[in-house]
$ cat my_file-v8.txt   # compact mmCIF, C-alpha atoms
# COMPACT_ATOMS: atom_id res chain seq x y z
CA MET A 1 0.00 0.00 0.00
CA LYS A 2 1.38 3.42 -0.97
CA THR A 3 1.48 6.07 1.67
CA LEU A 4 1.51 9.81 1.48
CA THR A 5 4.70 11.37 2.81
CA VAL A 6 4.46 14.64 4.67
CA LEU A 7 7.64 16.64 5.07
CA LEU A 8 7.15 19.12 7.88
CA ILE A 9 9.68 21.96 7.98
CA GLU A 10 9.11 23.62 11.33
CA ASP A 11 11.40 24.86 14.08
CA ASP A 12 8.78 25.13 16.85
CA PRO A 13 8.78 21.80 18.74
CA VAL A 14 5.20 22.29 19.94
CA ASP A 15 3.95 22.81 16.39
CA VAL A 16 5.80 19.65 15.35
CA LEU A 17 4.09 17.84 18.20
CA MET A 18 0.71 19.20 17.10
CA VAL A 19 1.10 17.94 13.54
CA ARG A 20 2.27 14.56 14.85
CA ARG A 21 -0.79 14.34 17.12
CA VAL A 22 -3.08 15.24 14.23
CA ILE A 23 -1.59 12.57 11.99
CA ASP A 24 -1.79 9.97 14.76
CA THR A 25 -5.57 10.38 14.84
CA MET A 26 -6.11 10.17 11.09
CA ALA A 27 -7.49 7.25 9.09
CA VAL A 28 -5.10 7.96 6.24
CA ASP A 29 -1.68 6.35 6.28
CA VAL A 30 0.91 9.09 6.37
CA ALA A 31 4.68 8.94 6.78
CA LEU A 32 5.79 12.05 8.60
CA HIS A 33 9.31 13.43 8.27
CA THR A 34 10.26 16.51 10.19
CA THR A 35 13.15 18.91 10.09
CA ASP A 36 13.75 22.38 11.49
CA SER A 37 16.01 23.40 8.61
CA CYS A 38 15.25 24.24 4.99
CA LEU A 39 18.78 23.22 4.00
CA ARG A 40 18.26 19.79 5.52
CA ALA A 41 14.86 19.61 3.75
CA ILE A 42 16.57 20.18 0.39
CA ASP A 43 18.92 17.29 1.16
CA LEU A 44 15.95 15.07 2.07
CA LEU A 45 14.12 15.96 -1.15
CA SER A 46 17.03 14.96 -3.32
CA GLY A 47 17.92 11.92 -1.20
CA GLU A 48 15.72 9.90 1.12
CA LEU A 49 12.41 11.36 -0.05
CA ALA A 50 13.12 11.53 -3.79
CA GLY A 51 10.32 10.09 -5.92
CA ARG A 52 7.79 9.80 -3.10
CA ASP A 53 4.18 11.00 -3.16
CA LEU A 54 4.89 14.00 -1.05
CA ILE A 55 3.50 17.21 0.35
CA ILE A 56 5.46 19.80 2.25
CA LEU A 57 4.12 21.68 5.26
CA LEU A 58 6.33 24.72 5.58
CA ASP A 59 6.83 27.28 8.30
CA ILE A 60 8.00 30.52 6.74
CA ASN A 61 10.10 31.99 9.50
CA LEU A 62 13.11 29.78 9.87
CA PRO A 63 16.72 30.52 10.64
CA ARG A 64 19.48 30.50 7.98
CA MET A 65 17.29 29.82 4.92
CA ASP A 66 13.70 31.03 5.30
CA GLY A 67 10.64 29.44 3.74
CA LEU A 68 10.48 31.76 0.72
CA GLU A 69 14.11 31.13 -0.14
CA PHE A 70 13.45 27.43 0.21
CA LEU A 71 10.49 27.68 -2.17
CA ALA A 72 12.56 29.57 -4.74
CA GLU A 73 15.24 26.91 -4.48
CA ILE A 74 13.00 23.85 -4.91
CA ARG A 75 10.94 25.41 -7.71
CA LYS A 76 14.17 25.65 -9.71
CA ARG A 77 14.53 21.87 -9.60
CA PRO A 78 12.38 20.05 -12.19
CA GLU A 79 11.87 17.04 -9.91
CA ASN A 80 10.41 19.21 -7.10
CA ARG A 81 8.57 21.77 -9.20
CA GLY A 82 5.21 20.05 -8.79
CA VAL A 83 5.45 19.17 -5.08
CA PRO A 84 2.55 20.77 -3.22
CA VAL A 85 3.82 23.17 -0.55
CA ILE A 86 1.42 24.37 2.12
CA VAL A 87 2.59 27.22 4.28
CA MET A 88 1.69 27.17 7.97
CA SER A 89 2.08 30.59 9.50
CA THR A 90 0.80 32.73 12.36
CA SER A 91 0.66 35.73 10.04
CA GLU A 92 -2.65 36.83 8.57
CA ASP A 93 -0.96 39.72 6.82
CA VAL A 94 -2.15 39.97 3.25
CA TYR A 95 1.39 40.79 2.04
CA ASP A 96 2.74 37.61 3.60
CA VAL A 97 -0.02 35.56 1.99
CA GLU A 98 0.45 37.19 -1.42
CA SER A 99 4.23 36.82 -1.39
CA CYS A 100 3.89 33.12 -0.58
CA PHE A 101 1.45 32.52 -3.44
CA GLU A 102 3.70 34.48 -5.79
CA ALA A 103 6.53 32.19 -4.75
CA GLY A 104 4.47 29.19 -5.86
CA ILE A 105 2.77 27.64 -2.84
CA SER A 106 -0.32 25.45 -3.11
CA GLY A 107 -2.00 26.57 0.09
CA TYR A 108 -1.66 28.92 3.04
CA MET A 109 -2.87 28.03 6.51
CA VAL A 110 -3.02 30.49 9.39
CA LYS A 111 -2.18 28.42 12.47
CA PRO A 112 -5.27 28.50 14.67
CA PHE A 113 -5.06 29.13 18.39
CA GLU A 114 -7.04 26.04 19.39
CA PHE A 115 -5.58 22.61 18.77
CA GLU A 116 -8.99 21.25 17.74
CA ASN A 117 -9.16 23.80 14.90
CA MET A 118 -5.59 23.04 13.94
CA LYS A 119 -6.50 19.38 13.83
CA GLU A 120 -9.39 20.01 11.46
CA LEU A 121 -7.33 22.17 9.13
CA ILE A 122 -4.26 19.97 8.91
CA GLY A 123 -6.48 16.90 8.67
CA ALA A 124 -8.36 18.46 5.74
CA ILE A 125 -5.12 19.40 3.99
CA ILE A 126 -3.63 15.93 4.35
CA ARG A 127 -6.85 14.20 3.29
CA TYR A 128 -7.16 16.47 0.27
CA TRP A 129 -3.64 15.79 -0.95
CA SER A 130 -3.85 12.14 -0.09
CA PHE A 131 -6.90 11.86 -2.35
CA SER A 132 -5.28 13.98 -5.05
CA LEU A 133 -1.92 12.26 -5.15
CA LEU A 134 -2.59 8.60 -4.46
CA PRO A 135 -4.57 6.17 -6.63
CA HIS A 136 -7.98 5.40 -5.13
CA ARG A 137 -7.39 1.76 -4.19
CA GLU A 138 -4.12 2.63 -2.47
CA ARG A 139 -5.06 5.55 -0.37
CA PHE A 140 -7.57 4.21 2.08
CA ASP A 141 -7.34 1.38 4.54
CA PRO A 142 -10.60 1.09 6.50
CA THR A 143 -8.89 -0.86 9.27
CA LEU A 144 -6.20 1.75 9.82
CA SER A 145 -7.85 3.57 12.71
CA TYR A 146 -8.29 0.25 14.49
CA LYS A 147 -4.65 -0.77 13.85
CA ARG A 148 -3.42 2.60 15.13
CA LYS A 149 -5.52 2.31 18.26
CA LYS A 150 -4.22 -1.20 18.86
CA ARG A 151 -0.61 -0.02 18.37
CA SER A 152 -1.18 2.88 20.70
CA LEU A 153 -2.68 0.63 23.41
CA ALA A 154 0.20 -1.82 23.04
CA SER A 155 2.78 0.90 23.49
CA MET B 1 19.73 72.66 2.72
CA PHE B 2 16.05 71.95 2.25
CA GLU B 3 16.83 68.83 0.26
CA SER B 4 19.24 67.53 2.87
CA ILE B 5 16.67 68.03 5.65
CA SER B 6 14.05 66.23 3.58
CA GLU B 7 16.39 63.36 2.94
CA SER B 8 17.21 63.12 6.61
CA GLU B 9 13.52 63.15 7.56
CA GLY B 10 12.86 60.60 4.85
CA GLY B 11 15.56 58.42 6.40
CA ASN B 12 13.93 58.73 9.83
CA ILE B 13 10.56 57.75 8.42
CA ASP B 14 12.09 54.74 6.67
CA ARG B 15 13.85 53.74 9.88
CA LYS B 16 10.62 54.09 11.89
CA ASP B 17 8.74 52.04 9.30
CA SER B 18 11.38 49.38 9.47
CA GLU B 19 11.28 49.35 13.29
CA PHE B 20 7.52 49.14 13.14
CA ASP B 21 7.70 46.20 10.75
CA GLN B 22 10.12 44.43 13.08
CA LEU B 23 7.76 45.01 16.00
CA MET B 24 4.88 43.65 13.92
CA TYR B 25 6.96 40.62 13.02
CA VAL B 26 7.67 39.82 16.67
CA LEU B 27 4.06 40.42 17.67
CA THR B 28 2.67 38.31 14.89
CA HIS B 29 5.02 35.39 14.91
CA ASP B 30 6.91 34.97 18.12
CA PHE B 31 4.38 36.03 20.75
CA LYS B 32 1.40 34.38 19.08
CA ALA B 33 3.35 31.15 18.61
CA ALA B 34 4.37 31.21 22.27
CA PHE B 35 0.79 31.78 23.48
CA ARG B 36 -0.51 29.01 21.25
CA SER B 37 2.14 26.64 22.57
CA VAL B 38 1.38 27.40 26.22
CA TYR B 39 -2.33 26.97 25.57
CA SER B 40 -1.99 23.64 23.74
CA LEU B 41 0.56 22.17 26.14
CA SER B 42 -1.53 23.07 29.18
CA ASP B 43 -4.57 21.57 27.44
CA TRP B 44 -2.74 18.30 26.82
CA ILE B 45 -1.35 18.17 30.36
CA ARG B 46 -4.84 18.76 31.69
CA SER B 47 -6.36 15.99 29.59
CA ASP B 48 -3.55 13.57 30.57
CA LEU B 49 -4.06 14.34 34.25
CA GLU B 50 -7.85 14.52 34.06
CA PRO B 51 -8.58 11.44 36.24
CA HIS B 52 -6.40 12.85 39.03
CA LEU B 53 -7.50 16.48 38.97
CA THR B 54 -9.24 18.00 41.96
CA PRO B 55 -11.83 20.73 41.38
CA GLN B 56 -9.22 23.22 42.56
CA THR B 57 -6.47 22.15 40.14
CA ARG B 58 -9.05 22.02 37.37
CA SER B 59 -9.97 25.61 38.13
CA TYR B 60 -6.25 26.56 38.03
CA PHE B 61 -6.00 25.13 34.52
CA GLU B 62 -9.11 27.02 33.51
CA LEU B 63 -7.67 30.26 34.87
CA LEU B 64 -4.36 29.67 33.14
CA GLN B 65 -6.03 28.97 29.81
CA ALA B 66 -8.41 31.90 30.13
CA ARG B 67 -5.46 34.19 30.81
CA VAL B 68 -3.45 32.91 27.85
CA ARG B 69 -6.48 33.20 25.59
CA SER B 70 -7.02 36.74 26.81
CA LEU B 71 -3.39 37.65 26.10
CA ASN B 72 -3.69 36.21 22.62
CA SER B 73 -6.87 38.21 21.94
CA ALA B 74 -5.18 41.35 23.23
CA LEU B 75 -2.27 40.73 20.91
CA GLU B 76 -4.57 40.22 17.93
CA GLU B 77 -6.40 43.46 18.74
CA LEU B 78 -3.16 45.36 19.12
CA HIS B 79 -1.88 43.95 15.86
CA ALA B 80 -5.07 44.91 14.01
CA PHE B 81 -4.95 48.37 15.58
CA LEU B 82 -1.33 49.02 14.63
CA ARG B 83 -1.92 47.88 11.06
CA ALA B 84 -5.24 49.68 10.59
CA ASP B 85 -3.85 52.64 8.65
CA ARG B 86 -0.99 50.83 6.94
CA GLU B 87 -2.90 48.58 4.60
CA PRO B 88 -3.50 49.91 1.07
CA LEU B 89 -7.00 51.02 0.17
CA HIS B 90 -8.89 49.21 -2.56
CA MET B 91 -11.27 51.89 -3.74
CA GLY B 92 -14.31 51.08 -5.78
CA LYS B 93 -18.00 51.77 -6.22
CA ILE B 94 -20.01 50.45 -3.29
CA ASP B 95 -23.67 49.55 -3.42
CA ILE B 96 -24.59 50.85 0.04
CA ARG B 97 -27.73 48.76 0.44
CA ALA B 98 -25.94 45.53 -0.46
CA MET B 99 -23.04 46.42 1.81
CA MET B 100 -25.33 47.14 4.77
CA ASP B 101 -27.28 43.91 4.24
CA GLU B 102 -24.04 41.98 4.21
CA ILE B 103 -22.75 43.72 7.35
CA VAL B 104 -25.98 43.07 9.25
CA LEU B 105 -25.87 39.41 8.27
CA ALA B 106 -22.21 39.13 9.31
CA ALA B 107 -22.94 40.79 12.68
CA GLY B 108 -25.01 37.73 13.60
CA LEU B 109 -27.04 39.55 16.23
CA PRO B 110 -29.70 37.69 18.19
CA ASP B 111 -33.39 38.12 17.48
CA THR B 112 -33.69 40.33 20.55
CA CYS B 113 -31.87 43.07 18.65
CA ARG B 114 -33.43 44.81 15.67
CA ILE B 115 -31.45 46.86 13.17
CA GLU B 116 -33.15 49.66 11.24
CA ILE B 117 -31.34 51.18 8.32
CA GLY B 118 -32.30 54.42 6.62
CA LEU B 119 -30.46 55.18 3.42
CA VAL B 120 -30.79 58.13 1.06
CA SER B 121 -27.98 57.25 -1.35
CA ARG B 122 -27.54 54.21 -3.47
CA GLU B 123 -23.83 54.33 -4.10
CA MET B 124 -20.60 55.61 -2.65
CA THR B 125 -16.94 55.31 -3.48
CA GLY B 126 -14.70 53.66 -0.92
CA ASP B 127 -12.94 50.54 0.31
CA ARG B 128 -15.75 48.09 0.93
CA GLU B 129 -13.75 45.73 3.11
CA ARG B 130 -12.68 48.58 5.38
CA MET B 131 -16.21 49.98 5.53
CA GLY B 132 -17.34 46.51 6.57
CA ARG B 133 -14.80 46.44 9.39
CA ILE B 134 -15.84 49.90 10.60
CA PHE B 135 -19.53 49.04 10.67
CA GLY B 136 -18.81 45.68 12.24
CA GLU B 137 -17.05 47.43 15.14
CA LEU B 138 -19.73 50.11 15.50
CA ILE B 139 -22.62 47.64 15.43
CA ASP B 140 -20.83 45.44 17.94
CA HIS B 141 -20.29 48.44 20.21
CA ALA B 142 -23.93 49.53 19.88
CA PHE B 143 -25.11 45.99 20.66
CA ARG B 144 -22.88 45.65 23.73
CA ASN B 145 -24.44 48.81 25.13
CA LEU B 146 -27.98 47.53 24.86
CA PRO B 147 -29.27 46.27 28.21
CA GLU B 148 -29.34 42.46 27.98
CA GLY B 149 -28.83 42.77 24.24
CA ARG B 150 -32.46 43.83 23.80
CA GLY B 151 -33.50 46.80 21.72
CA CYS B 152 -32.89 48.51 18.46
CA ILE B 153 -29.87 49.82 16.55
CA GLU B 154 -30.57 52.56 14.02
CA ILE B 155 -28.24 53.43 11.18
CA GLU B 156 -29.06 56.62 9.30
CA GLN B 157 -27.23 57.78 6.21
CA SER B 158 -27.24 61.25 4.71
CA GLU B 159 -25.26 63.26 2.20
CA ILE B 160 -22.98 66.12 3.18
CA ASP B 161 -20.90 68.48 1.06
CA GLU B 162 -17.68 66.52 1.53
CA GLY B 163 -19.14 63.07 1.17
CA ILE B 164 -21.41 60.85 3.14
CA ARG B 165 -22.55 60.76 6.77
CA PHE B 166 -23.64 57.81 8.90
CA GLU B 167 -25.12 57.97 12.37
CA ILE B 168 -25.44 54.90 14.53
CA ARG B 169 -27.68 54.99 17.60
CA ASN B 170 -29.13 52.42 19.88
CA SER B 171 -32.18 52.35 22.09
CA GLY B 172 -30.02 51.84 25.19
CA PRO B 173 -29.01 54.48 27.72
CA PRO B 174 -27.18 57.52 26.29
CA ILE B 175 -23.38 57.68 26.37
CA GLY B 176 -22.42 59.45 29.61
CA ALA B 177 -19.92 62.31 29.73
CA ASP B 178 -17.26 60.12 31.38
CA SER B 179 -17.70 57.33 28.86
CA GLU B 180 -17.62 59.83 26.02
CA ARG B 181 -14.24 61.09 27.19
CA SER B 182 -12.71 57.62 27.25
CA LEU B 183 -14.61 56.19 24.28
CA PHE B 184 -11.74 56.70 21.85
CA TRP B 185 -8.88 56.00 24.24
CA VAL B 186 -6.51 53.44 22.83
CA ILE B 187 -5.81 51.64 26.08
CA ASP B 188 -7.70 51.82 29.33
CA PRO B 189 -5.24 50.68 32.04
CA GLY B 190 -8.07 49.62 34.29
CA VAL B 191 -9.48 47.20 31.76
CA ARG B 192 -6.58 45.66 29.92
CA THR B 193 -5.38 43.30 32.65
CA HIS B 194 -8.77 41.71 33.24
CA PRO B 195 -9.10 38.25 31.75
CA GLY B 196 -11.55 38.09 28.90
CA LYS B 197 -11.28 41.80 28.14
CA GLY B 198 -9.44 43.16 25.16
CA MET B 199 -6.60 45.60 25.04
CA ILE B 200 -7.82 48.22 22.59
CA THR B 201 -10.78 49.83 24.26
CA GLY B 202 -14.04 51.33 23.04
CA LEU B 203 -13.93 52.70 19.57
CA ALA B 204 -10.22 53.47 19.18
CA TYR B 205 -9.90 50.87 16.42
CA SER B 206 -12.97 52.20 14.59
CA LYS B 207 -11.57 55.74 14.88
CA LYS B 208 -8.27 54.68 13.36
CA LEU B 209 -10.04 52.88 10.52
CA VAL B 210 -12.25 55.89 9.81
CA GLU B 211 -9.27 58.24 9.86
CA SER B 212 -7.36 55.89 7.55
CA ILE B 213 -9.91 56.69 4.84
CA GLY B 214 -9.81 60.41 5.58
CA GLY B 215 -13.00 60.46 7.66
CA ARG B 216 -14.01 61.80 11.07
CA ILE B 217 -15.84 60.08 13.90
CA GLY B 218 -17.28 61.38 17.13
CA VAL B 219 -20.18 61.30 19.55
CA VAL B 220 -23.27 63.22 18.57
CA ARG B 221 -25.89 64.42 21.04
CA ASP B 222 -29.32 65.72 20.15
CA VAL B 223 -31.50 68.13 22.14
CA ARG B 224 -33.37 65.29 23.85
CA GLY B 225 -30.09 63.96 25.27
CA SER B 226 -30.03 60.97 22.95
CA THR B 227 -26.52 60.03 21.80
CA GLY B 228 -25.03 58.24 18.86
CA ILE B 229 -21.86 57.86 16.87
CA ARG B 230 -21.48 59.99 13.78
CA MET B 231 -18.95 59.46 11.05
CA ASP B 232 -18.33 61.60 8.01
CA ILE B 233 -16.60 59.85 5.20
CA PRO B 234 -15.29 61.44 2.03
CA GLY B 235 -16.66 59.63 -0.94
CA LEU B 236 -18.36 60.37 -4.17
CA VAL B 237 -22.05 59.80 -3.77
CA GLY B 238 -24.24 59.11 -6.78
CA LYS B 239 -25.82 62.61 -6.71
CA GLY B 240 -29.45 62.61 -7.72
CA ASP B 241 -29.31 58.83 -7.52
CA ARG B 242 -31.38 58.60 -4.39
CA ASN B 243 -32.73 55.37 -3.11
CA GLU B 244 -36.19 54.98 -4.53
CA ASP B 245 -37.21 52.35 -2.03
CA PRO B 246 -40.52 53.86 -0.80
CA ASP B 247 -39.89 53.26 2.89
CA GLY B 248 -36.14 53.72 2.53
CA ALA B 249 -35.45 51.41 5.44
CA SER B 250 -34.97 47.75 6.15
CA ASP B 251 -35.78 45.98 9.35
CA ARG B 252 -34.18 42.95 10.87
CA GLY B 253 -35.34 40.92 13.77
$ encode --input "my_file-v8.txt" --output "C-alpha cells"
Amino acid sequence: MKTLTVLLIEDDPVDVLMVRRVIDTMAVDVALHTTDSCLRAIDLLSGELAGRDLIILLDINLPRMDGLEFLAEIRKRPENRGVPVIVMSTSEDVYDVESCFEAGISGYMVKPFEFENMKELIGAIIRYWSFSLLPHRERFDPTLSYKRKKRSLAS
Amino acid sequence: MFESISESEGGNIDRKDSEFDQLMYVLTHDFKAAFRSVYSLSDWIRSDLEPHLTPQTRSYFELLQARVRSLNSALEELHAFLRADREPLHMGKIDIRAMMDEIVLAAGLPDTCRIEIGLVSREMTGDRERMGRIFGELIDHAFRNLPEGRGCIEIEQSEIDEGIRFEIRNSGPPIGADSERSLFWVIDPGVRTHPGKGMITGLAYSKKLVESIGGRIGVVRDVRGSTGIRMDIPGLVGKGDRNEDPDGASDRG
C-alpha cells in the first residue's frame, strides 16, 4: 500500500508535536518526516524522499534559509517543481499571503489558536492531498484507525 | 539645505517604518506562537491528568487557559490596531444597500436586537472591506451597550458636502460624559489586565479605521439627550441617484 509522505519543515517543537498528534488520529496512512532546517529539507528531497508521493508543510520563519528562499530553491529543480507546498504561519498579513502565493505555494494556513481547529485544518489538507496524489485503491485502509488504536494501546 | 533636511527626515521615516515592521513581526510570529504553545501544552497536560484532577487544580488550569487566551486576543487586537492605517486602500464603487445587508448578516445579532437602516444614497466610493470592518465594530459596540442585548440599533445615512454621513444609535441608555471622554482611548489601564477583556478599548480601532480613509468620527448628542456615533466619510455619492425604495429602510429581527 502506498502512503503519502508529509515533510514538515518547522522549528517550533510544539507545532511539530501538534502535527504529529493530528496525523496519529487520522485514518489515512501518512509517513511524517520533520526537520527544522530548509537546508536539511533540500537534502531530504534529493535523497531519502526523492520520488515519493509528497506534500510539504512549511513554516515561513526559519533561521538560515527562510521558507520563501526554500520555495525559490526547490521550484528551480524540475523534480520538485510540482510538489505541493502548504505554508503554515501565524501571520494573517495579506502581504505575507500574497508573497507566498507568488513564490508558488499550493495553500496557506493560518495556524489556529485552538488545537482542535488546527487538527481540522491539517487533517483536511492531508486528506485532500492524499486523495489527489494517491490512486484510489491505495489511499484508504478502512482498518487503519483500528490498527493505530491497537498499536497505541500496546505501546 | 532643504533637500538635505528632507532626505534626513525621509531616512527617519524609513527607519521608523522598518522598526515598526520588526515590531509587527515579533508580535505576529513569536508572541502568538508562544501563546498558542502554552495553551496547547496546558490543554494536553490537563487531559492527561484529568482522572487525578481535583476541582481546585481544574480551576487553576481554567484560569491559566483563560489568561493565555485573553493575552492572545489582546495581541490580535493590538496587531489589528497598529496595522489599521498601513494597509492599502482598494477603492471602488459600493452599493450601500448591499453592503449594509451583508454587514448586518455578518454581525449575527440575536433576534432580541433589531437593526433599522435608513439610506438616502444608493452608491458611494470607498474601500468596501474597510467599511465593513468599521460598521462591524460600530454595530458590535452599539449591541454591547444595549441592556441584555435587547432593543434597536438605528443606522441613518445622509449626504454632506464633503461626502457621506452615517449615524449609529441604539435604544439603550445615552453615552455618559465620562464614557464619552474615554470612548476613543486606545488603552484603558483599568481594563486591559482583566481576563476576557481586550486591550484596545471602546472605539479606538474604529476611529483609526475611519481616519485611515480620511473620515471623522465622534459622539453626537441631540437636544433630547439621545446620543449616537457619527462618522463623516469622504466619498463620491451618486448625486441625484437617491434610493427609490418607498420606505427607505430595512428591518431585521
$ atom_distance --input "my_file-v8.txt" --atom1 "CA of Thr125 in chain B" --atom2 "CA of Pro88 in chain B"
15.2 Å
$ closest_residue --input "my_file-v8.txt" --among "A:Gly47, A:Pro78, A:Pro84, A:Pro13" --to "Leu133 in chain A" --atoms "only C-alpha atoms"
A:Pro84
$ residues_around --input "my_file-v8.txt" --residues "range 59-61 of chain B" --least-positions-apart "2" --cutoff "10 Å" --atoms "all atoms listed in the file" --output "list in words"
Tyr39, Ser42, Asp43, Ile45, Arg46, Leu53, Thr54, Pro55, Gln56, Thr57, Leu63, Leu64, Gln65, Ala66 and Arg67 of chain B
$ interface_residues --input "my_file-v8.txt" --of "chain A" --to "chain B" --cutoff "6 Å" --atoms "all atoms listed in the file" --output "list in words"
Val14, Thr90, Ser91 and Phe113 of chain A
$ closest_residue --input "my_file-v8.txt" --among "A:Ile86, A:Leu32, A:Met118, A:Ala124" --to "Met18 in chain A" --atoms "all atoms listed in the file"
A:Met118
$ residues_around --input "my_file-v8.txt" --residues "Ile60 in chain A" --least-positions-apart "3" --cutoff "12 Å" --atoms "all atoms listed in the file" --output "PyMOL selection string"
(chain A and resi 8-12+36-38+56-57+63-71+85-91+96-97+99-100+103+105+108-111) or (chain B and resi 25+29)
$ atom_distance --input "my_file-v8.txt" --atom1 "CA of Met124 in chain B" --atom2 "CA of Arg97 in chain B"
10.4 Å
$ closest_residue --input "my_file-v8.txt" --among "A:Leu39, A:Glu116, A:Leu54, A:Ser130" --to "Glu73 in chain A" --atoms "all atoms listed in the file"
A:Leu39
